[in-house]
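Listing of my_file.txt; format and content: compact mmCIF, C-alpha atoms.
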```txt
# COMPACT_ATOMS: atom_id res chain seq x y z
CA MET A 1 83.93 121.14 100.89
CA SER A 2 86.60 120.45 98.30
CA GLU A 3 86.46 122.03 94.87
CA ASN A 4 86.87 118.72 93.06
CA SER A 5 84.77 119.62 90.01
CA PRO A 6 82.73 122.61 88.87
CA HIS A 7 79.40 121.04 89.85
CA ILE A 8 80.47 119.23 93.02
CA ALA A 9 78.33 121.49 95.22
CA ASN A 10 75.25 120.05 93.49
CA ASP A 11 76.28 116.48 94.19
CA PRO A 12 77.66 116.17 97.73
CA LEU A 13 78.30 112.97 99.63
CA VAL A 14 76.12 113.18 102.73
CA ILE A 15 77.03 111.08 105.76
CA ALA A 16 75.20 111.47 109.07
CA GLY A 17 73.80 114.80 107.88
CA VAL A 18 77.17 116.29 106.90
CA SER A 19 77.99 117.12 103.28
CA TYR A 20 81.38 116.38 101.71
CA GLY A 21 82.69 117.46 98.34
CA SER A 22 85.02 114.50 97.90
CA ARG A 23 83.79 110.94 97.43
CA LEU A 24 87.28 109.52 97.92
CA LEU A 25 88.08 108.55 101.50
CA THR A 26 91.66 107.61 102.31
CA GLY A 27 93.53 105.71 104.96
CA THR A 28 96.58 107.00 106.80
CA GLY A 29 98.61 103.83 107.31
CA LYS A 30 101.44 102.24 105.30
CA PHE A 31 103.04 105.51 104.15
CA LYS A 32 106.78 105.88 104.71
CA ASP A 33 106.33 108.89 106.98
CA LEU A 34 103.86 111.56 108.06
CA ASP A 35 104.98 113.97 105.36
CA GLU A 36 104.12 111.47 102.63
CA THR A 37 100.81 110.86 104.38
CA ARG A 38 100.06 114.57 104.24
CA ARG A 39 101.08 115.00 100.60
CA ALA A 40 99.13 111.96 99.39
CA THR A 41 96.03 112.96 101.34
CA ASP A 42 96.17 116.43 99.84
CA ALA A 43 96.65 115.04 96.31
CA ALA A 44 93.66 112.75 96.80
CA GLY A 45 91.45 115.67 97.76
CA ALA A 46 90.12 113.56 100.63
CA GLU A 47 88.06 115.19 103.35
CA ILE A 48 87.48 112.06 105.42
CA VAL A 49 90.58 110.17 106.54
CA THR A 50 90.56 106.93 108.49
CA VAL A 51 92.86 106.32 111.43
CA ALA A 52 93.59 102.95 113.03
CA ILE A 53 93.36 103.83 116.71
CA ARG A 54 95.35 100.77 117.78
CA ARG A 55 98.22 101.58 115.42
CA THR A 56 98.35 105.36 115.05
CA ASN A 57 99.08 108.06 117.60
CA ILE A 58 96.44 110.80 117.73
CA GLY A 59 97.30 111.88 121.25
CA GLN A 60 97.28 108.69 123.27
CA GLU A 61 101.11 108.60 123.14
CA PRO A 62 102.40 112.00 124.39
CA GLY A 63 105.79 112.90 123.00
CA GLU A 64 105.44 110.66 119.92
CA PRO A 65 104.78 111.95 116.37
CA ASN A 66 101.09 112.79 116.16
CA LEU A 67 99.08 112.27 112.96
CA LEU A 68 96.89 115.24 113.86
CA ASP A 69 99.88 117.56 113.44
CA VAL A 70 99.84 116.92 109.66
CA LEU A 71 96.12 116.16 109.22
CA PRO A 72 94.44 118.59 111.63
CA PRO A 73 90.82 117.89 112.64
CA ASP A 74 89.79 121.42 111.68
CA LYS A 75 90.66 120.59 108.06
CA TYR A 76 89.81 116.88 107.85
CA THR A 77 87.13 114.65 109.30
CA ILE A 78 89.15 112.13 111.29
CA LEU A 79 87.42 108.76 111.08
CA PRO A 80 88.73 106.42 113.77
CA ASN A 81 88.58 102.76 112.83
CA THR A 82 88.92 99.46 114.64
CA ALA A 83 91.53 97.82 112.41
CA GLY A 84 93.10 94.92 114.26
CA CYS A 85 90.02 94.15 116.37
CA TYR A 86 88.62 90.61 116.35
CA THR A 87 85.72 90.85 118.82
CA ALA A 88 82.78 93.19 119.26
CA GLU A 89 83.91 94.13 122.77
CA GLU A 90 87.39 95.01 121.55
CA ALA A 91 85.99 97.20 118.78
CA VAL A 92 83.56 99.03 121.05
CA ARG A 93 86.25 99.67 123.65
CA THR A 94 88.60 101.05 120.97
CA LEU A 95 86.01 103.46 119.59
CA ARG A 96 85.06 104.72 123.02
CA LEU A 97 88.73 105.60 123.52
CA ALA A 98 88.73 107.37 120.14
CA ARG A 99 85.69 109.40 121.14
CA GLU A 100 87.58 110.67 124.18
CA LEU A 101 90.68 111.50 122.15
CA LEU A 102 88.65 113.37 119.51
CA ASP A 103 86.62 115.52 121.90
CA GLY A 104 83.42 113.54 121.68
CA ARG A 105 83.17 113.16 117.90
CA LYS A 106 80.91 110.24 117.18
CA LEU A 107 81.49 109.38 113.50
CA VAL A 108 83.45 106.10 113.44
CA LYS A 109 84.36 103.24 111.17
CA LEU A 110 83.65 99.78 112.52
CA GLU A 111 85.51 96.72 111.32
CA VAL A 112 85.70 93.41 113.18
CA LEU A 113 87.98 90.93 111.46
CA GLY A 114 87.54 87.19 111.24
CA ASP A 115 91.13 86.03 110.75
CA GLN A 116 94.59 87.40 110.07
CA LYS A 117 95.08 85.70 106.69
CA THR A 118 92.10 87.02 104.73
CA LEU A 119 91.14 89.99 106.94
CA TYR A 120 87.56 89.15 106.05
CA PRO A 121 84.99 90.59 108.44
CA ASP A 122 83.47 88.46 111.17
CA VAL A 123 79.88 89.30 110.34
CA VAL A 124 78.41 87.97 113.59
CA GLN A 125 80.75 90.12 115.68
CA THR A 126 80.24 93.05 113.32
CA LEU A 127 76.46 92.98 113.76
CA ARG A 128 76.85 92.75 117.53
CA ALA A 129 79.31 95.63 117.68
CA ALA A 130 77.14 97.77 115.40
CA GLU A 131 74.14 97.31 117.70
CA MET A 132 76.21 98.27 120.75
CA LEU A 133 77.74 101.34 119.12
CA VAL A 134 74.48 102.69 117.67
CA ALA A 135 72.84 102.25 121.08
CA ASP A 136 75.75 104.21 122.58
CA GLY A 137 75.16 107.18 120.27
CA PHE A 138 77.85 106.59 117.64
CA ASP A 139 77.37 107.31 113.93
CA VAL A 140 78.67 104.04 112.52
CA MET A 141 80.19 103.49 109.10
CA VAL A 142 80.67 99.75 108.85
CA TYR A 143 83.06 97.53 106.89
CA THR A 144 81.40 94.31 105.82
CA SER A 145 81.29 91.56 103.22
CA ASP A 146 79.47 92.07 99.92
CA ASP A 147 76.40 90.22 101.19
CA PRO A 148 73.22 92.19 100.29
CA ILE A 149 71.24 90.70 103.18
CA LEU A 150 73.89 91.65 105.72
CA ALA A 151 74.13 95.15 104.25
CA ARG A 152 70.39 95.56 104.75
CA GLN A 153 70.60 94.32 108.34
CA LEU A 154 73.37 96.79 109.16
CA GLU A 155 71.31 99.61 107.69
CA GLU A 156 68.30 98.52 109.73
CA ILE A 157 70.42 98.57 112.90
CA GLY A 158 71.08 102.24 112.21
CA CYS A 159 74.51 102.41 110.56
CA VAL A 160 74.96 105.68 108.65
CA ALA A 161 77.01 104.09 105.84
CA VAL A 162 77.65 100.53 104.73
CA MET A 163 81.11 99.71 103.35
CA PRO A 164 81.24 96.40 101.47
CA LEU A 165 84.57 95.04 100.31
CA ALA A 166 85.36 94.77 96.61
CA ALA A 167 88.03 92.15 97.33
CA PRO A 168 90.17 91.24 100.35
CA ILE A 169 91.92 94.12 102.13
CA GLY A 170 95.17 95.09 100.44
CA SER A 171 94.75 92.55 97.63
CA GLY A 172 94.42 95.02 94.76
CA LEU A 173 92.19 92.54 92.96
CA GLY A 174 89.54 95.09 92.06
CA ILE A 175 85.80 94.48 92.11
CA GLN A 176 85.17 90.74 92.13
CA ASN A 177 81.37 90.65 92.36
CA LYS A 178 79.59 93.46 90.55
CA TRP A 179 76.20 91.81 91.03
CA SER A 180 76.47 91.90 94.81
CA LEU A 181 77.46 95.56 94.83
CA LEU A 182 74.64 96.46 92.46
CA GLU A 183 72.14 94.63 94.65
CA ILE A 184 73.40 96.48 97.73
CA VAL A 185 73.41 99.88 96.01
CA GLU A 186 69.95 99.52 94.48
CA ASN A 187 68.32 98.65 97.80
CA ALA A 188 70.19 100.99 100.14
CA LYS A 189 68.90 104.15 101.77
CA VAL A 190 72.30 105.06 103.23
CA PRO A 191 75.60 105.72 101.41
CA ILE A 192 77.38 102.64 100.06
CA ILE A 193 81.16 103.06 100.05
CA VAL A 194 83.45 100.42 98.59
CA ASP A 195 86.09 99.55 101.15
CA ALA A 196 89.05 97.26 100.36
CA GLY A 197 90.33 95.59 97.22
CA VAL A 198 90.88 98.57 94.92
CA GLY A 199 94.22 98.32 93.12
CA THR A 200 94.27 101.06 90.52
CA ALA A 201 92.27 103.97 89.16
CA SER A 202 90.06 101.90 86.87
CA ASP A 203 88.84 99.87 89.87
CA ALA A 204 87.73 103.06 91.59
CA ALA A 205 86.00 104.30 88.44
CA ILE A 206 84.10 101.03 88.05
CA ALA A 207 82.89 101.17 91.65
CA MET A 208 81.51 104.66 91.05
CA GLU A 209 79.99 103.71 87.69
CA LEU A 210 78.05 100.96 89.49
CA GLY A 211 76.42 103.64 91.61
CA CYS A 212 78.46 103.41 94.79
CA ASP A 213 78.53 106.65 96.74
CA GLY A 214 82.24 106.63 97.42
CA VAL A 215 85.43 104.61 97.70
CA LEU A 216 87.77 104.19 100.64
CA MET A 217 91.34 103.04 100.05
CA ASN A 218 94.77 102.97 101.63
CA THR A 219 97.05 100.27 100.21
CA ALA A 220 96.34 101.17 96.58
CA ILE A 221 97.77 104.62 97.22
CA ALA A 222 100.37 104.03 99.93
CA GLY A 223 101.73 100.93 98.22
CA ALA A 224 102.16 102.53 94.80
CA LYS A 225 105.61 103.41 93.47
CA ASP A 226 104.56 107.06 93.58
CA PRO A 227 101.85 107.38 96.26
CA VAL A 228 101.21 111.07 95.65
CA LEU A 229 100.72 110.60 91.91
CA MET A 230 98.48 107.58 92.50
CA ALA A 231 96.42 109.61 94.97
CA ARG A 232 95.77 112.18 92.26
CA ALA A 233 94.86 109.43 89.79
CA MET A 234 92.36 107.98 92.27
CA LYS A 235 90.82 111.39 92.83
CA LEU A 236 90.23 111.84 89.12
CA ALA A 237 88.95 108.26 88.70
CA VAL A 238 86.36 108.67 91.43
CA GLN A 239 85.18 111.94 89.90
CA ALA A 240 85.02 110.44 86.40
CA GLY A 241 83.17 107.35 87.58
CA ARG A 242 80.62 109.42 89.46
CA ASP A 243 80.05 111.70 86.47
CA ALA A 244 79.64 108.68 84.19
CA PHE A 245 77.08 107.15 86.56
CA ARG A 246 75.08 110.35 86.70
CA ALA A 247 75.28 110.86 82.93
CA GLY A 248 73.94 107.37 82.18
CA ARG A 249 75.87 105.04 79.90
CA ILE A 250 74.59 103.88 76.50
CA PRO A 251 73.01 100.40 76.30
CA ARG A 252 75.31 97.52 75.45
CA LYS A 253 74.68 96.07 71.98
CA ARG A 254 75.99 93.05 70.13
CA PHE A 255 76.44 94.89 66.84
CA ALA A 256 77.95 98.12 65.59
CA SER A 257 76.16 101.43 65.60
CA ALA A 258 77.53 104.27 63.45
CA SER A 259 78.74 107.32 65.33
CA SER A 260 77.29 109.52 62.57
CA PRO A 261 73.72 109.06 61.28
CA VAL A 262 73.46 107.21 57.97
CA ASP A 263 69.87 108.15 57.12
CA GLY A 264 69.52 110.82 54.46
CA LEU A 265 73.01 110.50 53.02
CA ILE A 266 73.43 112.33 49.68
CA GLY A 267 73.58 110.00 46.67
```
Let me see the structure of the file written as structure tokens.
Amino acid sequence: MSENSPHIANDPLVIAGVSYGSRLLTGTGKFKDLDETRRATDAAGAEIVTVAIRRTNIGQEPGEPNLLDVLPPDKYTILPNTAGCYTAEEAVRTLRLARELLDGRKLVKLEVLGDQKTLYPDVVQTLRAAEMLVADGFDVMVYTSDDPILARQLEEIGCVAVMPLAAPIGSGLGIQNKWSLLEIVENAKVPIIVDAGVGTASDAAIAMELGCDGVLMNTAIAGAKDPVLMARAMKLAVQAGRDAFRAGRIPRKRFASASSPVDGLIG
């Protein structure tokens, strides 16, 4: 577990029975090289890192640079994902390959895309793939739309975490529908992790203040002018947002309320 704050041990993120100190999950694509990937991941304090199996070498290409050389599985939880898959069969086949490459590890991230322009999930194919993977013994973390009904169905199938988008992948638009996320969070019995759409630290903080259990991001960090500095900012934002959620914000009011009591003033 990471030492991300003094009380983090009392507030772990638990996924499929495993506790994590960091609630910030990061991607490994779009960085200029593996060294930048390593430095940004370290600055983010991430313990779970996603890997696009169809785009990243983790051993399937002998002789090529291997991501696991800079992000070793004994230090990080490698979360293979199905980025670039457009059918349930394609996604299931990809994750079965990942399981072989990662010595039988079964925690995976499922995403089945609907089209190349929006990268929105194909929810029909996502549900189908989730059913197949859960039946095959995988622990499935699933990328989906911000539809509360769909989130509930994925949980009922047996997914260990539901990952609704905040906005389209890579858009940096931030959270576009707070109501949907709140509805999902308030009715979930598994971790809810915002996946896609975060652009800057305040977006991550808002997601955590809404009660989400974590945030996953790649473009917001890798696409920044200084990815390593942005990674650190995101780490702090996630921690601050979580602390604010646990502390409980004051009610919103239409009128002013003095910071210092006015009753009993002298004179």
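Interatomic distance, atom CA of Val215 of chain A against atom CA of Val194 of chain A: 4.7 Å.
Counting all atoms listed in the file, the residue from A:Leu24, A:Ile157, A:Ala91, A:Cys85 that sits nearest to Ala207 of chain A is A:Leu24.
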Counting all atoms listed in the file, what is within 6 Å of segment 123-129 of chain A, bar same-chain residues fewer than 5 positions away, as a list in words? Thr87, Ala88 and Val112 of chain A
Residues of the last selection are to be written out with C-alpha atoms, as a PDB file, keeping the file's coordinate frame.
```pdb
ATOM      1  CA  THR A  87      85.720  90.850 118.820  1.00  0.00           C
ATOM      2  CA  ALA A  88      82.780  93.190 119.260  1.00  0.00           C
ATOM      3  CA  VAL A 112      85.700  93.410 113.180  1.00  0.00           C
TER       4      VAL A 112
END
```
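Here the question is which of A:Ile184, A:Ala224, A:Ala46, A:Ala83 gets nearest to Ser22 of chain A using only C-alpha atoms, and that residue is A:Ala46.
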Restricting to only C-alpha atoms, whichever of A:Arg96, A:Ala201, A:Gly211, A:Leu181 is closest to Leu229 of chain A is A:Ala201
Which distance in Å separates atom CA of Met230 of chain A and atom CA of Gly197 of chain A, to one decimal? 15.2 Å
Measuring atom to atom with only C-alpha atoms, identify which of A:Ile15, A:Ala222, A:Leu102, A:Leu173 is nearest to Cys159 of chain A. A:Ile15
May I have a table of the residues of segment 100-129 of chain A lying at most 8 Å from segment 137-149 of chain A, giving each one's closest pair of atoms and their distance in Å to one decimal, counting only C-alpha atoms, ordered by chain and ascending residue number, as a Markdown table?
```
| residue | atom | partner | partner_atom | distance |
| --- | --- | --- | --- | --- |
| A:Lys106 | CA | A:Phe138 | CA | 4.8 |
| A:Leu107 | CA | A:Asp139 | CA | 4.6 |
| A:Val108 | CA | A:Val140 | CA | 5.3 |
| A:Lys109 | CA | A:Met141 | CA | 4.7 |
| A:Leu110 | CA | A:Val142 | CA | 4.7 |
| A:Glu111 | CA | A:Tyr143 | CA | 5.1 |
| A:Val112 | CA | A:Tyr143 | CA | 8.0 |
| A:Tyr120 | CA | A:Ser145 | CA | 7.3 |
| A:Pro121 | CA | A:Thr144 | CA | 5.8 |
| A:Val123 | CA | A:Thr144 | CA | 6.9 |
| A:Thr126 | CA | A:Thr144 | CA | 7.7 |
```
Provide the atom CA of Gly248 of chain A to atom CA of Glu209 of chain A distance in Å, to one decimal place. 9.0 Å
Counting only C-alpha atoms, note down every residue that has an atom within 12 Å of the point (83.5, 93.7, 92.4) (file coordinates), as a ChimeraX atom specification. /A:145-147,164-168,172-184,194-199,202-210,212
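Proximity ranking of A:Ala151, A:Ile250, A:Ala161, A:Val51 relative to Gly29 of chain A places A:Val51 first, based on all atoms listed in the file.
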Show me, as number ranges by chain, the residues that have an atom within 10 Å of Arg23 of chain A when counting only C-alpha atoms, minus same-chain residues fewer than 2 positions from it. A: 2, 4, 8, 11-14, 20-21, 25-26, 45-48, 193, 208, 212-216, 235, 238-239, 242
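Residues having any atom no farther than 12 Å from (98.5, 117.7, 102.9) (counting all atoms listed in the file) are Thr28, Leu34, Asp35, Glu36, Thr37, Arg38, Arg39, Ala40, Thr41, Asp42, Ala43, Ala44, Gly45, Ala46, Glu47, Val49, Leu67, Leu68, Asp69, Val70, Leu71, Pro72, Lys75, Tyr76, Val228 and Ala231 of chain A.
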Between A:Ala258, A:Ile192, A:Val92, A:Ala16, which one has atoms that come closest to Arg152 of chain A, using all atoms listed in the file? A:Ile192
Around all the atoms of segment 150-165 of chain A listed in the file, draw an axis-aligned box and extend it by 6 Å on each of the six sides; I want its centre and edge lengths in Å to one decimal, as lines of an AutoDock Vina configuration file.
```
center_x = 76.4
center_y = 98.7
center_z = 106.6
size_x = 28.3
size_y = 26.0
size_z = 24.6
```
For Thr94 of chain A, please output as a short mmCIF file (atom, residue, chain, number, x, y, z; two decimals) with C-alpha atoms, in the frame of the given file all residues within 8 Å (counting only C-alpha atoms; exclusion window: fewer than 5 positions along the same chain).
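Final output, saved to around.cif:
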```
data_model
loop_
_atom_site.label_atom_id
_atom_site.label_comp_id
_atom_site.auth_asym_id
_atom_site.auth_seq_id
_atom_site.Cartn_x
_atom_site.Cartn_y
_atom_site.Cartn_z
CA ILE A 53 93.36 103.83 116.71
CA ARG A 54 95.35 100.77 117.78
CA THR A 82 88.92 99.46 114.64
#
```
